[in-house]
Structure formats: C-alpha cells, structure tokens
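This report concerns only the one structure given below.
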2 protein chains.
Amino acid sequence: MPPSFRGTHQAGIVDPAPRSLLFLALNLVGGTDRLAVDRVLADWSRAIEPATRGIPDAPELVGLDTTGLTVTVGVGPDLPGKIGLAAPKELAPIPALPGDRLQPAFCGGDLAAQICSNDPLVSLQTAQTLTRLSQGVLTTRWRLTGFTQPGPATPRNAFGFKDGTGNPRTTTDVDNAVWIPDGPWRHGTFLVVRRIPMDVQRFAALPTSRQEAVIGSRRDTGAPLTGHDEFDEINLFAKHPDGTYVLPVDAHSRRAHARFDGGRQMLRRGFTYSSGNDETGLLFLAFMKDPALFTRVQARLAEQDALNDFVQHTGSAVFLMLPGTGDNTVLRLPG
Amino acid sequence: MPPSFRGTHQAGIVDPAPRSLLFLALNLVGGTDRLAVDRVLADWSRAIEPATRGIPDAPELVGLDTTGLTVTVGVGPDLPGKIGLAAPKELAPIPALPGDRLQPAFCGGDLAAQICSNDPLVSLQTAQTLTRLSQGVLTTRWRLTGFTQPGPATPRNAFGFKDGTGNPRTTTDVDNAVWIPDGPWRHGTFLVVRRIPMDVQRFAALPTSRQEAVIGSRRDTGAPLTGHDEFDEINLFAKHPDGTYVLPVDAHSRRAHARFDGGRQMLRRGFTYSSGNDETGLLFLAFMKDPALFTRVQARLAEQDALNDFVQHTGSAVFLMLPGTGDNTVLRLPG
C-alpha cells in the first residue's frame with residue numbers, strides 16, 4: 001500500500017489512537033458540483049499532507065509539533081446523489097434503532113474529516129485550515145472533540161474500563177474486517193460515528209463486581225470474566241456450579257460478541273468527550289466493510305444489554321472513507 | 001515549603017503547564033457551615049492527594065497514569081460571608097469592565113478546583129471524584145476544559161502565537177508576584193479566570209506582519225518586535241527612522257506591559273478551549289498577590305488594545321487559592 005494522506009487504509013484508522021480527535025462533519029453548499037469538491041480535497045491535501053509527514057507549513061500549524069497527525073476523509077450517504085458520484089449501495093443512513101435519542105445537531109453530514117493528533121491544538125488548527133480552504137463549498141454541520149490515552153495499551157473509557165480489547169489485531173483480521181477489497185473504493189472503508197453520553201455518576205456508584213457484570217470484563221485488567229488476561233478469548237458457554245453463565249446473559253461483551261454475526265468484526269476506536277457542566281460520554285467510531293454490521297449489532301444491544309441503563313445514543317452518522325493517497329499526491333473522489 | 005496537595009504554592013501554579021485543564025467552579029448549598037466545607041476538603045485530600053504522588057487509589061483513577069496531576073483549591077468572594085471565614089479584603093469580585101460580554105453561566109463561584117494533568121481523562125475522573133465527595137455541600141456552577149502544550153517551552157495559543165513569554169521566571173520574581181507573604185493565607189494567592197472567545201478565522205486572515213503588530217511579537221520565535229530572541233526585554237521606546245514606535249502604540253504587549261504598573265507582574269497560564277461548532281478561545285488564568293492588578297491591566301487593555309477586535313470576555317471569576325498541604329495532610333480553610 002502506498003503511504004497516504006495519513007488517511008484511509010493507513011495510520012488514521014489502524015494505528016494506536018493518538019491523544020486527540022476532532023471530528024468535523026460538513027454540509028455541501030447547494031449547487032456545488034463534483035469538480036468543486038475535488039478541488040477542496042486537493043487544496044486540503046496540499047495544505048495538510050506535508051504536516052502529516054512532519055512538515056507543518058500550513059500557516060496555522062507553524063511552530064507546532066504535528067507528530068501523529070492524520071486526516072481521514074469520508075463522504076456521507078447524500079453526497080453521491082448531489083454530485084453524481086458512484087458509491088457502493090451499502091452507503092445508506094443507519095436506520096432508526098430502539099432506544100435512540102438522536103439530536104439532529106449531532107447527526108449526518110455530506111463530508112467528514114476525522115482529524116487525529118497528539119496535540120489538540122494541532123487538531124484544532126488543522127480543522128481551521130480545512131474550514132478555511134472549503135469556504136463557499138462546505139459549511140460545518142457539527143464538530144466534536146474527544147481524547148484518549150495514546151497506545152499501544154488499550155485505552156480506558158469514562159467508566160474506567162478498557163475499551164477496544166475485542167478489536168481485530170492481526171493484519172489479516174483487520175484486512176478482513178475493515179477494507180473494501182475491490183472496485184474504485186478499494187482500500188476505502190465505512191465509518192459509523194455515534195455520540196454516546198454516559199451516566200458516569202450512576203455507574204461509578206455500583207460496586208466493582210456489578211460494574212464488571214454489566215461490562216463483562218475485569219475493571220483492572222480488562223480480562224473477560226471467563227479468563228485471566230486481557231486478550232484471553234471470551235468463553236460464552238462457561239457456567240458457575242449453580243448453572244448460571246459466568247458471563248451474564250445481558251453482559252455487554254456477550255451481547256456485542258462477533259460470534260452472533262458469524263465472526264464478523266468491526267474496528268472500534270473510542271474517544272471520551274466532555275460537554276457542558278455535567279455531560280461526559282463516548283465518541284464511538286467503528287470502521288467496517290459494511291455498515292449493516294453495525295446496525296445488526298446495535299439492534300441486538302438495543303434489545304438487551306445491561307449497559308443500556310447507563311448510556312444513550314444522541315448522535316449518529318455514517319461515512320464512506322476514501323482510500324488514502326501517496327506522499328505529495330492529492331486526495332480525490334474515486335470512480 | 002512543604003510538598004503539598006500538589007496545590008497552592010506548588011506545582012499547580014508554578015510548574016510548566018501540563019496538557020490538560022479542567023476547571024470546576026462550585027456553589028455552596030444553602031445552610032452549609034464551615035465545618036462541612038472543611039470536611040469536604042479533607043475528603044478531597046484523602047481521595048486525591050495520593051494520586052498526585054503517583055498512587056491513584058481513588059476508584060475512578062484506577063489504571064490511569066496520574067503523572068502531573070495537581071488539584072488547586074480556592075474560595076470565591078461570597079464564601080467568607082456565608083460561613084464566617086476571615087479572608088483578605090482583596091477578595092472581591094472583579095468589577096465590570098468596558099467591553100465585557102459576561103455570561104452568568106461562566107462567572108463566579110463559592111469554591112473552585114483547578115485540576116491539571118497530562119491526560120484529560122485523569123482530570124475528568126478527578127472532577128468526578130471531587131463532585132461525588134461534595135454531594136450535599138457543593139453543586140457544580142460551571143465547568144470548563146482546556147488544553148495546552150506541555151512545557152517547558154512557552155505554549156502557543158489558538159492565534160498561533162507564544163503566550164506567556166512575559167511571565168515572571170526567577171523564583172524571586174514569582175515570589176514577588178504570586179504568593180501572599182504573611183498572615184493565615186501566607187503562601188496562598190489570588191487567581192483570576194477569564195473565558196475569552198477568539199475570532200481565529202478573522203485573525204488568521206491577517207497577513208503575518210499585521211498579526212505581529214497586533215500582538216507585539218514575532219509569530220515564529222515569540223521575540224518582541226524590538227528584539228531578536230523570545231526573552232529579550234521589550235523596548236517600549238524604540239522608534240523607526242520615521243518616528244513611529246517599533247512596538248505600535250496599540251500593540252497588546254505594550255498595553256499589557258508591567259512598566260505601567262510599577263513593574264508588578266502576574267503569572268499567567270493560558271489554556272485553549274473549543275466549544276460547539278465554531279467557538280475557540282482562551283481560558284486565561286492569572287495568579288497574583290492582589291487581583292486589583294488584573295483589574296487595572298484589563299481596564300487599560302479595554303481602553304486601547306489592537307487585540308480587542310479579535311477577542312471577547314464572556315466569563316470572569318476570582319478565587320483566593322489556599323496554601324498547599326504536605327504529603328498525607330488534609331487541606332483546610334485557613335484562619
């Protein structure tokens with residue numbers, strides 16, 4: 001694979017997450033054509049791609065350390081129809097799901113840029129550059145910022161649990177789960193974004209053993225309740241002497257298990273966000289070959305999941321992420 | 001000085017800023033007495049002080065790296081009257097100033113906790129712990145989060161300029177500027193917090209030379225317009241051959257210069273914040289012996305400062321920060 005705009009099929013998706021995320025969802029200005037979008041993507045590439053290789057020459061980035069900067073760009077379900085772009089039929093809005101509490105202010109978008117870096121100011125200034133260069137073509141629809149612990153250890157979420165242990169880890173597993181294998185969108189992928197406020201106070205008030213029963217893993221090590229080490233395989237069938245399952249029937253890790261989808265996996269990257277005086281939550285980002293997988297998993301969780309008492313879904317979007325570009329090459333819409 | 005709750009007269013104020021700030025302003029629940037406040041401070045100390053020494057045993061902090069964590073606690077102008085606490089007369093609200101656009105949602109507070117750390121999740125979980133332990137005594141009034149580049153280099157703000165170059169740097173200068181020298185509040189200090197949205201798009205659109213004339217320093221090096229290196233002394237009197245000042249009469253660094261206050265300095269720590277879809281700004285924190293210094297400087301800036309076209313003040317608060325405690329010692333109200 002070529003090195004890319006540190007984007008798709010590349011660092012922005014498969015590297016251990018950097019400290020900071022800024023997610024930018026944009027609307028296309030009415031009457032804009034495909035040429036104008038490709039022009040913006042080219043301008044974005046010329047301004048930012050060098051910074052992802054350690055040459056921060058965009059004016060906003062002067063003097064900042066851009067180590068770890070990635071920009072990963074995707075198109076939303078409505079864009080192809082607006083500009084005559086051929087896209088896989090899987091690019092369609094996530095259907096309404098039981099338990100959704102979606103707010104339009106955190107949903108959808110024609111185009112998206114996932115900006116990751118190790119310095120939130122670098123992410124912010126990069127967003128600034130992208131916004132500046134897309135004036136007249138794109139407007140900001142929503143913007144969310146989040147943070148996580150830098151890898152390679154699995155980061156913790158605001159409930160204090162390791163989050164992401166079940167991700168595909170070998171290159172083969174990632175290839176099978178994430179990348180579109182052929183056609184003009186080869187090496188692209190689908191991204192599902194969900195904004196999930198968490199009731200941290202109420203969860204924190206539970207005894208640790210109850211927290212662990214809700215999640216399905218140990219709080220300290222991240223090990224499944226049926227194992228000893230973080231990456232031990234989950235045993236869905238293990239029972240206590242009294243006949244009850246070691247991993248409770250409504251434990252989150254059971255209900256979300258890939259076995260219920262024929263082993264199909266998604267690559268999740270979670271970022272914590274904090275908003276206003278008391279809202280804390282998760283920006284759930286998941287990359288996969290087909291967003292229908294997310295819909296099936298989330299429908300299963302909505303039906304039964306001990307975690308439902310402590311989380312809500314208030315934002316939702318899906319994007320088809322563009323295959324990356326090489327060094328000194330500009331990003332453009334495929335096909 | 002004793003090592004403290006990593007608090008006042010200590011790391012939370014004079015160390016190079018860590019990556020992340022969470023500032024918590026709290027209201028006293030009606031009918032609460034001084035004993036209850038001291039009980040909360042003791043509970044806070046017992047829960048968090050060990051984490052500031054690398055022993056993160058509060059349940060919310062398990063598994064997190066608390067390196068760099070500091071918690072610095074202060075009391076607002078209304079608290080002494082409410083609980084019969086003797087405080088210096090300098091503890092009074094910052095008066096209304098020309099140009100203020102204050103929003104009550106970002107002003108005031110009976111008690112404050114400045115939480116700094118290198119991992120925003122550590123700051124968030126610490127806030128969670130403090131909130132949990134003060135239930136029934138304190139409620140959240142406002143909460144703001146910000147970030148900066150870790151020191152020791154002077155960090156940049158969202159305009160891309162180094163911010164903090166003019167701070168006192170020697171121990172003697174810091175002692176003279178910051179710490180209350182005697183009495184029960186000895187080694188305490190005053191903190192002024194201002195929430196300052198910045199018009200980054202419009203500032204970024206200026207040519208660099210114009211930006212530098214507004215700020216009064218070079219964008220790349222941070223050097224004053226009258227010097228070559230970042231820490232060269234500002235020459236207020238240098239003129240061009242045509243008789244105009246090298247440092248323009250309305251440059252921010254001229255208008256804010258300590259010479260206009262008989263050399264009196266404050267210790268500033270700025271954090272960038274990002275809010276909603278398009279607000280970016282500065283959380284301005286300044287520590288000083290007497291908050292009247294801030295009022296004088298800000299009144300002078302409100303009168304004339306080229307920066308006024310690009311910033312607003314929407315939040316304001318003042319707190320008297322408690323002297324720190326030693327290891328394994330609990331924080332309490334002085335006097």
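By convention in this document, the chains of the structure tokens carry letters A, B, ... by their order, each chain's residues are numbered from 1, and ligands are numbered from 1 in the order they are shown.
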
Please report as a Markdown table every residue of segment 42-132 of chain A lying within 10 Å of segment 174-185 of chain A, along with the nearest atom pair and their distance in Å (one decimal), using only C-alpha atoms.
```
| residue | atom | partner | partner_atom | distance |
| --- | --- | --- | --- | --- |
| A:Ala86 | CA | A:Pro184 | CA | 9.0 |
| A:Ala87 | CA | A:Trp185 | CA | 7.9 |
| A:Pro88 | CA | A:Trp185 | CA | 8.1 |
```

Segment 12-23 of chain A environment, 8 Å, only C-alpha atoms, sequence neighbours closer than 6 positions dropped, as a PyMOL selection string: chain A and resi 6+68+70-72+112-120+123-124+127+143-152+269+271+287

Quick one: pull the distance between atom CA of Asp229 of chain A and atom CA of Val214 of chain A, Å, one decimal. 18.4 Å

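If you measure from each of A:Gln125, A:Ser45, A:Thr280, A:Ser217 to Gly63 of chain A using only C-alpha atoms, the closest one turns out to be A:Gln125.
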
Who sits within 10 Å of Ala213 of chain A, only C-alpha atoms, same chain under 5 positions skipped, as a list in words: Thr208, Arg218, Leu225, Val246, Leu247, Pro248, Val249, Asp250, Ala251, His252, Ser253, Ala306 and Leu307 of chain A

For a test of reading the model, state the distance in Å between atom CA of Asn27 of chain A and atom CA of Cys107 of chain A, rounded to one decimal.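 A separation of 11.3 Å between them.
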
Using DSSP secondary structure from the backbone, list all strand (DSSP E or B) positions within segment 33-113 of chain A, as a PyMOL selection string. chain A and resi 70-75+100+107+111-113

Write the selection just made, keeping C-alpha atoms, as a compact mmCIF listing (two decimals), in the first residue's frame?
```txt
# COMPACT_ATOMS: atom_id res chain seq x y z
CA THR A 70 -3.73 12.12 10.46
CA VAL A 71 -6.66 13.37 8.42
CA THR A 72 -9.12 10.80 7.13
CA VAL A 73 -11.87 11.95 4.80
CA GLY A 74 -15.22 10.35 4.00
CA VAL A 75 -18.47 11.02 2.15
CA ASP A 100 -32.08 6.06 20.05
CA CYS A 107 -26.25 13.55 13.03
CA LEU A 111 -18.48 15.06 4.01
CA ALA A 112 -16.42 14.27 7.09
CA ALA A 113 -12.86 14.77 8.24
```

For Ala205 of chain B, find every residue with an atom within 12 Å (counting only C-alpha atoms), except residues of its own chain fewer than 3 positions away, and show them as a PDB file with N, CA and C atoms, in the first residue's frame.
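selection00.pdb, written as the output of this step:
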```pdb
ATOM      1  N   PRO A  59      -0.111  27.812   7.480  1.00  0.00           N
ATOM      2  CA  PRO A  59       0.161  28.924   8.404  1.00  0.00           C
ATOM      3  C   PRO A  59      -0.300  28.637   9.831  1.00  0.00           C
ATOM      4  N   GLU A  60      -1.452  27.976   9.971  1.00  0.00           N
ATOM      5  CA  GLU A  60      -1.979  27.718  11.312  1.00  0.00           C
ATOM      6  C   GLU A  60      -1.104  26.757  12.116  1.00  0.00           C
ATOM      7  N   GLN A 128      -9.268  24.244  11.385  1.00  0.00           N
ATOM      8  CA  GLN A 128      -9.284  25.640  10.952  1.00  0.00           C
ATOM      9  C   GLN A 128      -8.834  25.765   9.499  1.00  0.00           C
ATOM     10  N   THR A 129      -7.749  25.071   9.170  1.00  0.00           N
ATOM     11  CA  THR A 129      -7.236  25.091   7.798  1.00  0.00           C
ATOM     12  C   THR A 129      -8.256  24.479   6.837  1.00  0.00           C
ATOM     13  N   ARG A 132     -11.178  26.845   6.379  1.00  0.00           N
ATOM     14  CA  ARG A 132     -10.782  27.996   5.567  1.00  0.00           C
ATOM     15  C   ARG A 132     -10.747  27.631   4.080  1.00  0.00           C
ATOM     16  N   LEU A 133     -10.180  26.458   3.789  1.00  0.00           N
ATOM     17  CA  LEU A 133      -9.983  26.081   2.386  1.00  0.00           C
ATOM     18  C   LEU A 133     -11.258  25.575   1.719  1.00  0.00           C
TER      19      LEU A 133
ATOM     20  N   PHE B 159      -4.293  31.644  18.281  1.00  0.00           N
ATOM     21  CA  PHE B 159      -3.862  32.560  17.228  1.00  0.00           C
ATOM     22  C   PHE B 159      -2.507  32.132  16.652  1.00  0.00           C
ATOM     23  N   ASP B 199     -11.629  35.243  17.780  1.00  0.00           N
ATOM     24  CA  ASP B 199     -12.068  35.169  16.382  1.00  0.00           C
ATOM     25  C   ASP B 199     -10.895  34.684  15.537  1.00  0.00           C
ATOM     26  N   VAL B 200     -10.682  33.380  15.591  1.00  0.00           N
ATOM     27  CA  VAL B 200      -9.497  32.796  14.970  1.00  0.00           C
ATOM     28  C   VAL B 200      -9.529  32.963  13.448  1.00  0.00           C
ATOM     29  N   GLN B 201     -10.697  32.756  12.844  1.00  0.00           N
ATOM     30  CA  GLN B 201     -10.789  32.867  11.378  1.00  0.00           C
ATOM     31  C   GLN B 201     -10.354  34.256  10.902  1.00  0.00           C
ATOM     32  N   ARG B 202     -10.849  35.275  11.587  1.00  0.00           N
ATOM     33  CA  ARG B 202     -10.559  36.632  11.124  1.00  0.00           C
ATOM     34  C   ARG B 202      -9.108  37.024  11.410  1.00  0.00           C
ATOM     35  N   THR B 208       0.804  38.001   8.208  1.00  0.00           N
ATOM     36  CA  THR B 208       1.592  37.746   9.418  1.00  0.00           C
ATOM     37  C   THR B 208       2.109  39.047  10.033  1.00  0.00           C
ATOM     38  N   SER B 209       2.569  39.988   9.201  1.00  0.00           N
ATOM     39  CA  SER B 209       3.134  41.234   9.732  1.00  0.00           C
ATOM     40  C   SER B 209       2.066  42.023  10.503  1.00  0.00           C
ATOM     41  N   ARG B 210       0.839  41.958  10.056  1.00  0.00           N
ATOM     42  CA  ARG B 210      -0.243  42.654  10.757  1.00  0.00           C
ATOM     43  C   ARG B 210      -0.561  41.931  12.081  1.00  0.00           C
ATOM     44  N   GLN B 211      -0.585  40.587  12.023  1.00  0.00           N
ATOM     45  CA  GLN B 211      -0.782  39.815  13.258  1.00  0.00           C
ATOM     46  C   GLN B 211       0.281  40.198  14.288  1.00  0.00           C
ATOM     47  N   PHE B 310     -10.453  41.148  18.159  1.00  0.00           N
ATOM     48  CA  PHE B 310     -10.441  39.712  17.886  1.00  0.00           C
ATOM     49  C   PHE B 310     -10.787  38.861  19.101  1.00  0.00           C
TER      50      PHE B 310
END
```

Using only C-alpha atoms: which of B:Gly54, B:Pro197, B:Gly216, B:Gly109 has the shortest distance to Leu282 of chain B: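 Of all the options, B:Pro197 lies closest to Leu282 of chain B.
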